[in-house]
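S.K.: Got a file for you: start.pdb, PDB, C-alpha atoms.
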```
ATOM      1  CA  MET A   1     -38.877  65.336 -39.219
ATOM      2  CA  GLY A   2     -35.918  67.310 -37.910
ATOM      3  CA  LEU A   3     -36.439  70.133 -35.443
ATOM      4  CA  LYS A   4     -34.257  73.198 -35.256
ATOM      5  CA  ALA A   5     -34.290  75.867 -32.553
ATOM      6  CA  ILE A   6     -34.139  79.622 -33.145
ATOM      7  CA  THR A   7     -31.022  80.603 -31.223
ATOM      8  CA  LEU A   8     -31.282  84.344 -31.742
ATOM      9  CA  THR A   9     -32.192  84.943 -28.099
ATOM     10  CA  PHE A  10     -30.910  81.642 -26.697
ATOM     11  CA  VAL A  11     -27.961  82.258 -24.365
ATOM     12  CA  GLN A  12     -26.527  79.617 -22.055
ATOM     13  CA  TYR A  13     -24.686  80.359 -18.819
ATOM     14  CA  ASP A  14     -23.411  78.545 -15.739
ATOM     15  CA  ALA A  15     -26.101  78.678 -13.047
ATOM     16  CA  GLU A  16     -23.408  78.699 -10.352
ATOM     17  CA  ASP A  17     -21.642  81.699 -11.864
ATOM     18  CA  PRO A  18     -22.716  84.881  -9.996
ATOM     19  CA  LEU A  19     -22.183  86.968 -13.146
ATOM     20  CA  GLY A  20     -23.512  84.419 -15.596
ATOM     21  CA  LYS A  21     -27.132  85.510 -15.716
ATOM     22  CA  LEU A  22     -26.302  89.216 -15.820
ATOM     23  CA  LEU A  23     -23.833  88.745 -18.675
ATOM     24  CA  ALA A  24     -26.311  86.516 -20.496
ATOM     25  CA  TYR A  25     -28.757  89.411 -20.469
ATOM     26  CA  ALA A  26     -25.953  91.700 -21.647
ATOM     27  CA  SER A  27     -25.556  89.462 -24.697
ATOM     28  CA  LEU A  28     -29.160  90.263 -25.631
ATOM     29  CA  VAL A  29     -28.538  94.019 -25.849
ATOM     30  CA  PRO A  30     -28.082  93.933 -29.666
ATOM     31  CA  ILE A  31     -31.541  92.383 -30.026
ATOM     32  CA  ALA A  32     -33.041  95.130 -27.885
ATOM     33  CA  LEU A  33     -31.271  97.755 -29.984
ATOM     34  CA  ILE A  34     -32.670  96.321 -33.215
ATOM     35  CA  VAL A  35     -36.186  96.551 -31.752
ATOM     36  CA  SER A  36     -35.417 100.135 -30.720
ATOM     37  CA  TYR A  37     -34.201 100.985 -34.241
ATOM     38  CA  ILE A  38     -37.383  99.655 -35.828
ATOM     39  CA  THR A  39     -39.594 101.397 -33.277
ATOM     40  CA  LEU A  40     -37.874 104.766 -33.775
ATOM     41  CA  ILE A  41     -38.050 104.508 -37.549
ATOM     42  CA  ALA A  42     -41.717 103.483 -37.482
ATOM     43  CA  PHE A  43     -42.821 106.321 -35.219
ATOM     44  CA  ARG A  44     -40.357 109.122 -36.004
ATOM     45  CA  ARG A  45     -39.458 108.599 -39.694
ATOM     46  CA  ASP A  46     -36.232 110.551 -39.186
ATOM     47  CA  VAL A  47     -33.632 110.215 -41.919
ATOM     48  CA  ALA A  48     -30.719 110.268 -39.443
ATOM     49  CA  THR A  49     -32.091 107.185 -37.659
ATOM     50  CA  ILE A  50     -32.677 105.421 -40.969
ATOM     51  CA  VAL A  51     -29.082 106.049 -42.044
ATOM     52  CA  PHE A  52     -27.828 104.877 -38.643
ATOM     53  CA  PHE A  53     -29.795 101.629 -38.933
ATOM     54  CA  ALA A  54     -28.671 101.089 -42.527
ATOM     55  CA  GLY A  55     -25.068 101.336 -41.388
ATOM     56  CA  GLN A  56     -25.767  98.860 -38.592
ATOM     57  CA  ILE A  57     -27.202  96.339 -41.064
ATOM     58  CA  LEU A  58     -24.264  96.731 -43.459
ATOM     59  CA  ASN A  59     -21.906  96.295 -40.514
ATOM     60  CA  GLU A  60     -23.561  92.953 -39.754
ATOM     61  CA  ALA A  61     -23.337  91.919 -43.404
ATOM     62  CA  PHE A  62     -19.626  92.763 -43.391
ATOM     63  CA  ASN A  63     -19.211  90.625 -40.275
ATOM     64  CA  ALA A  64     -20.846  87.666 -42.045
ATOM     65  CA  VAL A  65     -18.434  88.081 -44.962
ATOM     66  CA  LEU A  66     -15.427  88.179 -42.641
ATOM     67  CA  LYS A  67     -16.567  85.038 -40.840
ATOM     68  CA  ALA A  68     -17.013  83.198 -44.124
ATOM     69  CA  VAL A  69     -13.529  84.237 -45.263
ATOM     70  CA  ILE A  70     -11.600  83.695 -42.017
ATOM     71  CA  ARG A  71     -13.511  80.543 -40.974
ATOM     72  CA  GLU A  72     -12.138  80.434 -37.435
ATOM     73  CA  PRO A  73     -14.175  78.169 -35.135
ATOM     74  CA  ARG A  74     -15.591  79.148 -31.771
ATOM     75  CA  PRO A  75     -13.818  78.065 -28.571
ATOM     76  CA  THR A  76     -16.581  75.535 -27.817
ATOM     77  CA  ASP A  77     -18.580  73.399 -30.221
ATOM     78  CA  TYR A  78     -21.778  73.345 -28.183
ATOM     79  CA  LEU A  79     -22.127  77.121 -27.682
ATOM     80  CA  GLY A  80     -23.234  79.286 -30.556
ATOM     81  CA  HIS A  81     -23.348  78.367 -34.211
ATOM     82  CA  GLY A  82     -21.203  79.217 -37.202
ATOM     83  CA  TYR A  83     -17.732  80.677 -37.124
ATOM     84  CA  GLY A  84     -16.421  82.901 -34.371
ATOM     85  CA  MET A  85     -13.981  85.370 -35.956
ATOM     86  CA  PRO A  86     -14.849  88.195 -35.566
ATOM     87  CA  SER A  87     -17.484  88.321 -32.832
ATOM     88  CA  SER A  88     -20.689  89.723 -34.331
ATOM     89  CA  HIS A  89     -21.960  90.922 -30.944
ATOM     90  CA  SER A  90     -18.757  92.882 -30.327
ATOM     91  CA  GLN A  91     -18.708  94.346 -33.830
ATOM     92  CA  PHE A  92     -22.381  95.308 -33.545
ATOM     93  CA  MET A  93     -21.903  97.116 -30.246
ATOM     94  CA  ALA A  94     -18.667  98.829 -31.285
ATOM     95  CA  PHE A  95     -20.371 100.258 -34.365
ATOM     96  CA  PHE A  96     -23.381 101.398 -32.344
ATOM     97  CA  ALA A  97     -21.273 103.019 -29.619
ATOM     98  CA  VAL A  98     -18.789 104.810 -31.880
ATOM     99  CA  TYR A  99     -21.323 106.081 -34.405
ATOM    100  CA  GLY A 100     -23.609 107.146 -31.570
ATOM    101  CA  ILE A 101     -20.803 109.002 -29.794
ATOM    102  CA  LEU A 102     -19.732 110.771 -32.980
ATOM    103  CA  TYR A 103     -23.268 111.852 -33.786
ATOM    104  CA  ILE A 104     -24.032 113.005 -30.251
ATOM    105  CA  CYS A 105     -20.796 114.942 -29.859
ATOM    106  CA  LEU A 106     -20.573 116.463 -33.333
ATOM    107  CA  ARG A 107     -24.151 116.825 -34.549
ATOM    108  CA  THR A 108     -26.252 117.570 -31.478
ATOM    109  CA  SER A 109     -26.284 119.927 -28.525
ATOM    110  CA  ALA A 110     -27.352 119.372 -24.937
ATOM    111  CA  ASP A 111     -28.402 121.526 -22.004
ATOM    112  CA  SER A 112     -24.950 120.829 -20.552
ATOM    113  CA  PRO A 113     -21.742 119.378 -22.073
ATOM    114  CA  VAL A 114     -21.735 116.933 -19.176
ATOM    115  CA  TRP A 115     -24.602 115.049 -20.810
ATOM    116  CA  LYS A 116     -22.528 114.327 -23.895
ATOM    117  CA  LEU A 117     -19.737 112.987 -21.708
ATOM    118  CA  LEU A 118     -22.156 110.801 -19.757
ATOM    119  CA  TYR A 119     -23.750 109.454 -22.947
ATOM    120  CA  SER A 120     -20.334 108.637 -24.386
ATOM    121  CA  ILE A 121     -19.192 106.864 -21.236
ATOM    122  CA  ALA A 122     -22.441 104.897 -20.992
ATOM    123  CA  LEU A 123     -22.253 103.743 -24.624
ATOM    124  CA  SER A 124     -18.625 102.699 -24.203
ATOM    125  CA  ILE A 125     -19.329 100.741 -21.009
ATOM    126  CA  VAL A 126     -22.274  98.895 -22.535
ATOM    127  CA  ALA A 127     -20.254  97.957 -25.632
ATOM    128  CA  LEU A 128     -17.359  96.650 -23.530
ATOM    129  CA  CYS A 129     -19.729  94.714 -21.260
ATOM    130  CA  VAL A 130     -21.332  92.979 -24.215
ATOM    131  CA  GLY A 131     -17.913  92.110 -25.603
ATOM    132  CA  TYR A 132     -16.716  90.749 -22.266
ATOM    133  CA  SER A 133     -19.898  88.706 -21.879
ATOM    134  CA  ARG A 134     -19.045  86.768 -25.027
ATOM    135  CA  ILE A 135     -15.668  85.808 -23.535
ATOM    136  CA  HIS A 136     -16.991  85.072 -20.060
ATOM    137  CA  LEU A 137     -19.764  82.840 -21.401
ATOM    138  CA  HIS A 138     -17.262  81.024 -23.689
ATOM    139  CA  TYR A 139     -19.005  81.955 -26.937
ATOM    140  CA  HIS A 140     -15.852  83.636 -28.285
ATOM    141  CA  THR A 141     -12.162  83.888 -27.606
ATOM    142  CA  ALA A 142     -10.593  87.141 -26.470
ATOM    143  CA  SER A 143      -8.993  87.657 -29.886
ATOM    144  CA  GLN A 144     -12.341  87.212 -31.653
ATOM    145  CA  VAL A 145     -13.909  89.859 -29.418
ATOM    146  CA  VAL A 146     -11.014  92.296 -29.826
ATOM    147  CA  VAL A 147     -11.115  91.951 -33.603
ATOM    148  CA  GLY A 148     -14.893  92.389 -33.575
ATOM    149  CA  LEU A 149     -14.606  95.583 -31.534
ATOM    150  CA  SER A 150     -11.853  96.914 -33.800
ATOM    151  CA  VAL A 151     -13.760  96.220 -37.016
ATOM    152  CA  GLY A 152     -16.881  97.813 -35.557
ATOM    153  CA  VAL A 153     -14.968 100.967 -34.613
ATOM    154  CA  PHE A 154     -13.445 101.393 -38.071
ATOM    155  CA  PHE A 155     -16.708 100.625 -39.853
ATOM    156  CA  ALA A 156     -18.489 103.229 -37.722
ATOM    157  CA  LEU A 157     -15.872 105.854 -38.604
ATOM    158  CA  PHE A 158     -16.196 104.967 -42.281
ATOM    159  CA  TRP A 159     -20.001 105.075 -42.207
ATOM    160  CA  PHE A 160     -20.128 108.361 -40.325
ATOM    161  CA  LEU A 161     -17.880 110.050 -42.896
ATOM    162  CA  LEU A 162     -19.763 108.476 -45.809
ATOM    163  CA  ALA A 163     -23.122 109.570 -44.409
ATOM    164  CA  ASP A 164     -21.912 113.093 -43.672
ATOM    165  CA  ARG A 165     -20.184 113.672 -47.026
ATOM    166  CA  LEU A 166     -22.376 111.674 -49.417
ATOM    167  CA  LEU A 167     -25.566 110.088 -48.075
ATOM    168  CA  PHE A 168     -27.119 113.059 -46.285
ATOM    169  CA  PRO A 169     -26.516 115.450 -49.235
ATOM    170  CA  ILE A 170     -28.189 112.932 -51.546
ATOM    171  CA  LEU A 171     -31.080 112.236 -49.202
ATOM    172  CA  CYS A 172     -31.656 115.750 -47.893
ATOM    173  CA  GLY A 173     -30.138 118.018 -50.504
ATOM    174  CA  ASP A 174     -28.074 120.948 -49.302
ATOM    175  CA  SER A 175     -27.179 120.090 -45.690
ATOM    176  CA  SER A 176     -24.577 122.816 -45.213
ATOM    177  CA  GLN A 177     -24.472 124.456 -41.809
ATOM    178  CA  ARG A 178     -26.676 121.644 -40.438
ATOM    179  CA  LYS A 179     -29.846 123.149 -41.896
ATOM    180  CA  PRO A 180     -32.601 120.760 -43.002
ATOM    181  CA  GLY A 181     -32.382 120.215 -46.740
ATOM    182  CA  THR A 182     -35.191 121.383 -48.980
ATOM    183  CA  ARG A 183     -34.154 119.174 -51.885
ATOM    184  CA  GLY A 184     -33.032 115.604 -52.246
ATOM    185  CA  ILE A 185     -34.798 112.286 -52.007
ATOM    186  CA  ILE A 186     -36.862 113.214 -48.942
ATOM    187  CA  ALA A 187     -38.556 115.906 -51.048
ATOM    188  CA  HIS A 188     -39.924 113.189 -53.368
ATOM    189  CA  PRO A 189     -43.698 112.596 -53.084
ATOM    190  CA  VAL A 190     -43.141 108.985 -51.988
ATOM    191  CA  ALA A 191     -40.885 110.087 -49.134
ATOM    192  CA  GLN A 192     -43.408 112.748 -48.181
ATOM    193  CA  LEU A 193     -46.165 110.135 -48.251
ATOM    194  CA  PHE A 194     -44.303 108.176 -45.575
ATOM    195  CA  LEU A 195     -43.516 111.402 -43.667
ATOM    196  CA  ILE A 196     -39.744 110.973 -43.919
ATOM    197  CA  ARG A 197     -38.181 114.042 -42.302
ATOM    198  CA  ASP A 198     -34.808 115.601 -41.584
ATOM    199  CA  THR A 199     -34.345 116.986 -38.066
ATOM    200  CA  ARG A 200     -30.563 117.379 -38.196
ATOM    201  CA  GLY A 201     -30.956 121.149 -38.336
ATOM    202  CA  ILE A 202     -32.387 121.096 -34.800
ATOM    203  CA  PRO A 203     -29.372 120.612 -32.513
ATOM    204  CA  ASN A 204     -31.436 119.715 -29.428
ATOM    205  CA  VAL A 205     -34.433 117.799 -30.737
ATOM    206  CA  LEU A 206     -35.533 116.676 -27.283
ATOM    207  CA  ARG A 207     -35.704 120.240 -25.973
ATOM    208  CA  TRP A 208     -37.346 121.487 -29.174
ATOM    209  CA  GLU A 209     -40.074 118.844 -29.039
ATOM    210  CA  TYR A 210     -40.623 119.504 -25.351
ATOM    211  CA  ASN A 211     -41.166 123.214 -26.038
ATOM    212  CA  ARG A 212     -43.676 122.459 -28.796
ATOM    213  CA  VAL A 213     -45.620 120.032 -26.600
ATOM    214  CA  VAL A 214     -45.764 122.567 -23.762
ATOM    215  CA  THR A 215     -46.921 125.266 -26.167
ATOM    216  CA  ALA A 216     -49.595 123.020 -27.675
ATOM    217  CA  SER A 217     -50.810 121.917 -24.240
ATOM    218  CA  SER A 218     -51.147 125.506 -23.047
ATOM    219  CA  THR A 219     -53.642 126.440 -25.779
ATOM    220  CA  SER A 220     -57.369 126.440 -25.047
ATOM    221  CA  GLU A 221     -58.949 122.973 -25.080
ATOM    222  CA  ARG A 222     -55.571 121.576 -26.200
ATOM    223  CA  GLU A 223     -56.198 122.484 -29.837
ATOM    224  CA  PRO A 224     -53.733 120.538 -32.016
ATOM    225  CA  LEU A 225     -50.614 122.434 -32.992
ATOM    226  CA  LYS A 226     -51.398 121.808 -36.642
ATOM    227  CA  SER A 227     -54.542 123.915 -36.331
ATOM    228  CA  ILE A 228     -52.530 126.733 -34.782
ATOM    229  CA  GLU A 229     -50.103 126.745 -37.711
ATOM    230  CA  GLU A 230     -52.933 126.660 -40.293
ATOM    231  CA  HIS A 231     -54.435 129.863 -38.880
ATOM    232  CA  SER A 232     -51.170 131.582 -37.989
ATOM    233  CA  ASP A 233     -50.727 133.474 -41.254
ATOM    234  CA  ASP A 234     -54.317 134.784 -41.336
ATOM    235  CA  ASP A 235     -54.216 136.011 -37.743
ATOM    236  CA  GLY A 236     -50.768 137.528 -37.930
ATOM    237  CA  ILE A 237     -49.304 134.972 -35.523
ATOM    238  CA  HIS A 238     -45.781 133.985 -36.450
ATOM    239  CA  SER A 239     -44.393 130.464 -36.152
ATOM    240  CA  LEU A 240     -42.455 129.712 -33.032
ATOM    241  CA  GLY A 241     -38.731 130.368 -33.325
ATOM    242  CA  TYR A 242     -35.920 128.532 -31.613
ATOM    243  CA  ASP A 243     -32.306 129.343 -30.992
ATOM    244  CA  ALA A 244     -29.280 127.151 -31.679
ATOM    245  CA  ASP A 245     -29.989 124.982 -28.640
ATOM    246  CA  GLY A 246     -33.589 124.277 -29.578
ATOM    247  CA  GLU A 247     -34.878 126.851 -27.062
ATOM    248  CA  GLU A 248     -37.725 129.148 -28.038
ATOM    249  CA  ALA A 249     -36.336 132.570 -28.952
ATOM    250  CA  ASP A 250     -36.745 135.227 -26.252
ATOM    251  CA  THR A 251     -37.757 138.025 -28.628
ATOM    252  CA  ASP A 252     -41.473 138.763 -28.388
ATOM    253  CA  ARG A 253     -42.129 135.331 -26.880
ATOM    254  CA  ASP A 254     -44.705 136.631 -24.403
ATOM    255  CA  VAL A 255     -46.376 138.782 -27.049
ATOM    256  CA  ARG A 256     -46.790 135.830 -29.388
ATOM    257  CA  LYS A 257     -48.134 133.601 -26.641
ATOM    258  CA  SER A 258     -50.652 136.172 -25.443
ATOM    259  CA  THR A 259     -51.822 136.989 -28.969
ATOM    260  CA  SER A 260     -52.114 133.309 -29.854
ATOM    261  CA  ASN A 261     -54.247 132.511 -26.824
ATOM    262  CA  SER A 262     -56.600 135.451 -27.419
ATOM    263  CA  ARG A 263     -57.076 134.556 -31.079
ATOM    264  CA  LEU A 264     -57.771 130.933 -30.201
ATOM    265  CA  ARG A 265     -60.341 131.877 -27.579
ATOM    266  CA  ARG A 266     -62.203 134.026 -30.083
ATOM    267  CA  ARG A 267     -62.253 131.188 -32.611
ATOM    268  CA  LEU A 268     -63.567 128.761 -30.015
ATOM    269  CA  ASP A 269     -66.314 131.224 -28.978
ATOM    270  CA  LYS A 270     -67.513 131.338 -32.556
TER
END
```
Mind converting the file's structure to structure tokens?

M.R.:
Amino acid sequence: MGLKAITLTFVQYDAEDPLGKLLAYASLVPIALIVSYITLIAFRRDVATIVFFAGQILNEAFNAVLKAVIREPRPTDYLGHGYGMPSSHSQFMAFFAVYGILYICLRTSADSPVWKLLYSIALSIVALCVGYSRIHLHYHTASQVVVGLSVGVFFALFWFLLADRLLFPILCGDSSQRKPGTRGIIAHPVAQLFLIRDTRGIPNVLRWEYNRVVTASSTSEREPLKSIEEHSDDDGIHSLGYDADGEEADTDRDVRKSTSNSRLRRRLDK
């Protein structure tokens, strides 16, 4: 009976190398990102994340095709398995970094433009570190890593344009002016059953969700926000509005909050 090891998270390094262990952990970043993808999709059901992950998977499939066609061996026979050109780790990280930077810079807003710059720098550094780790640990040659990074960059550009011009209109309907679509595949009952949603029309999702949580927490006995919305039309309470940055609109904010709290207290007293 032959035994075979699962090498997905098996990374070897020189114990005497001061950078060996750190770079070995860096090589595991793609695995951590895949877990993050699955977790985000399972708990958020956001169409933008699903499209991002789909592009990542197709990028890996394209890498497998390139390896099968080029058939260039790795620099060492005892490290890694399969062909080495191009480096799948490098291509994975280049796609993730470039697509992430494009989406953050062009499709989201932040409290300060500095955050976008910091995110972009951080993504770039992590991608380059992963690529360098494959050279330092002798899993790939420098040319295999450079080609992997280059292919990942171009595939990310291609996927971002394809998603923006074709996939999002099909999935979400009319996505002009970054407004959530009311038609498209996500309007299908099956998609609604799985709570698939489109949050691309909210430039600063983090700030928007924070405001909603604070608002829900401030209500009496922490009544769920869903209950507030169900009674809003009957009580004359309007839904919360937010500006382009995901901030709650200033107009009549205090009036709405005061009215909402008084209505809720009366309902609870009943």

S.K.: Name the residues that the PyMOL selection byres ((chain A and resi 158) around 12) pulls out of this structure, and write them as a PyMOL selection string.

M.R.: chain A and resi 55-56+58-59+95+98-99+102+151-157+159-166

S.K.: Applying the PyMOL selection byres ((chain A and resi 70-75) around 10) to the file I just gave you, which residues come out? Please list them as a ChimeraX atom specification.

M.R.: /A:65-69,76-87,135,138-142,144

S.K.: The PyMOL selection byres ((chain A and resi 88) around 7) on the file shown: which residues, as a ChimeraX atom specification?

M.R.: /A:60,63,86-87,89-92,148

S.K.: Rank nothing, just name the residue among A:Ala54, A:Ala61, A:Ala94, A:Leu195 nearest to A:Ile34, using only C-alpha atoms.

M.R.: A:Ala54

S.K.: Report, in Å to a single decimal, how far apart atom CA of A:Ala110 and atom CA of A:Pro203 are.

M.R.: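 Interatomic distance here is 7.9 Å.
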
S.K.: When you draw a straight line from atom CA of A:Gly173 to atom CA of A:Ala191, how long is it in Å?

M.R.: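 Pair atom CA of A:Gly173 / atom CA of A:Ala191 returns 13.4 Å.
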
S.K.: Give me the residues within 6 Å of stretch 116-126 of chain A as JSON, numbers by chain, counting only C-alpha atoms and dropping any in the same chain fewer than 3 places off.

M.R.: {"A": [97, 101, 113, 129]}

S.K.: Which centre and edge lengths in Å to one decimal define the box along x, y and z that fits every listed atom of stretch 28-35 of chain A plus 6 Å per side, as JSON?

M.R.:
```
{"center_x": -32.1, "center_y": 94.0, "center_z": -29.4, "size_x": 20.1, "size_y": 19.5, "size_z": 19.6}
```

S.K.: What's the separation between atom CA of A:Cys172 and atom CA of A:Asn204, in Å to one decimal place?

M.R.: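 Here the two named atoms are 18.9 Å from each other.
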
S.K.: So that I can check the surroundings of A:Ile31, please list as a VMD selection string every protein, DNA and RNA residue that reaches within 9 Å of it, counting all atoms listed in the file and ignoring chain neighbours fewer than 4 positions away.

M.R.: chain A and resid 8 to 9 27 35 to 36

S.K.: Save stretch 8-66 of chain A of the structure in the block above to a file, with C-alpha atoms included, as a JSON list (two decimals), in the first residue's frame.

M.R.:
```json
[["chain", "number", "residue", "atom", "x", "y", "z"],
["A", 8, "LEU", "CA", -0.85, 21.77, 0.23],
["A", 9, "THR", "CA", 0.46, 23.25, 3.48],
["A", 10, "PHE", "CA", 3.80, 21.43, 3.57],
["A", 11, "VAL", "CA", 6.66, 23.91, 3.19],
["A", 12, "GLN", "CA", 10.30, 23.03, 3.82],
["A", 13, "TYR", "CA", 12.96, 25.53, 4.87],
["A", 14, "ASP", "CA", 16.52, 25.57, 6.17],
["A", 15, "ALA", "CA", 16.43, 25.63, 9.98],
["A", 16, "GLU", "CA", 19.66, 27.64, 10.03],
["A", 17, "ASP", "CA", 18.26, 30.32, 7.74],
["A", 18, "PRO", "CA", 17.06, 33.30, 9.86],
["A", 19, "LEU", "CA", 14.42, 34.15, 7.25],
["A", 20, "GLY", "CA", 13.48, 30.59, 6.39],
["A", 21, "LYS", "CA", 10.63, 30.10, 8.84],
["A", 22, "LEU", "CA", 9.14, 33.54, 8.22],
["A", 23, "LEU", "CA", 9.18, 33.05, 4.45],
["A", 24, "ALA", "CA", 7.75, 29.55, 4.85],
["A", 25, "TYR", "CA", 4.77, 31.10, 6.60],
["A", 26, "ALA", "CA", 4.57, 33.70, 3.82],
["A", 27, "SER", "CA", 4.16, 30.84, 1.34],
["A", 28, "LEU", "CA", 0.99, 29.82, 3.18],
["A", 29, "VAL", "CA", -0.72, 33.18, 2.63],
["A", 30, "PRO", "CA", -2.68, 31.91, -0.43],
["A", 31, "ILE", "CA", -4.19, 29.14, 1.71],
["A", 32, "ALA", "CA", -5.26, 31.68, 4.32],
["A", 33, "LEU", "CA", -6.81, 33.84, 1.60],
["A", 34, "ILE", "CA", -8.84, 30.93, 0.25],
["A", 35, "VAL", "CA", -10.23, 30.31, 3.75],
["A", 36, "SER", "CA", -11.02, 34.03, 3.98],
["A", 37, "TYR", "CA", -12.82, 33.95, 0.62],
["A", 38, "ILE", "CA", -15.01, 31.04, 1.69],
["A", 39, "THR", "CA", -15.74, 32.60, 5.07],
["A", 40, "LEU", "CA", -16.76, 35.95, 3.55],
["A", 41, "ILE", "CA", -18.98, 34.30, 0.96],
["A", 42, "ALA", "CA", -20.64, 32.06, 3.55],
["A", 43, "PHE", "CA", -21.44, 34.87, 5.97],
["A", 44, "ARG", "CA", -21.87, 37.91, 3.72],
["A", 45, "ARG", "CA", -23.26, 36.48, 0.44],
["A", 46, "ASP", "CA", -22.01, 39.56, -1.43],
["A", 47, "VAL", "CA", -21.89, 39.28, -5.20],
["A", 48, "ALA", "CA", -18.67, 41.32, -5.46],
["A", 49, "THR", "CA", -16.83, 38.81, -3.25],
["A", 50, "ILE", "CA", -18.24, 35.89, -5.23],
["A", 51, "VAL", "CA", -17.02, 37.41, -8.50],
["A", 52, "PHE", "CA", -13.61, 38.11, -6.95],
["A", 53, "PHE", "CA", -13.29, 34.49, -5.81],
["A", 54, "ALA", "CA", -14.47, 33.16, -9.18],
["A", 55, "GLY", "CA", -11.72, 35.15, -10.87],
["A", 56, "GLN", "CA", -9.18, 33.78, -8.40],
["A", 57, "ILE", "CA", -10.21, 30.20, -9.19],
["A", 58, "LEU", "CA", -10.06, 30.79, -12.95],
["A", 59, "ASN", "CA", -6.64, 32.37, -12.49],
["A", 60, "GLU", "CA", -5.45, 29.17, -10.82],
["A", 61, "ALA", "CA", -6.95, 27.06, -13.60],
["A", 62, "PHE", "CA", -5.13, 29.20, -16.17],
["A", 63, "ASN", "CA", -1.90, 28.65, -14.25],
["A", 64, "ALA", "CA", -2.40, 24.87, -14.40],
["A", 65, "VAL", "CA", -2.89, 25.09, -18.17],
["A", 66, "LEU", "CA", 0.27, 27.15, -18.60]]
```
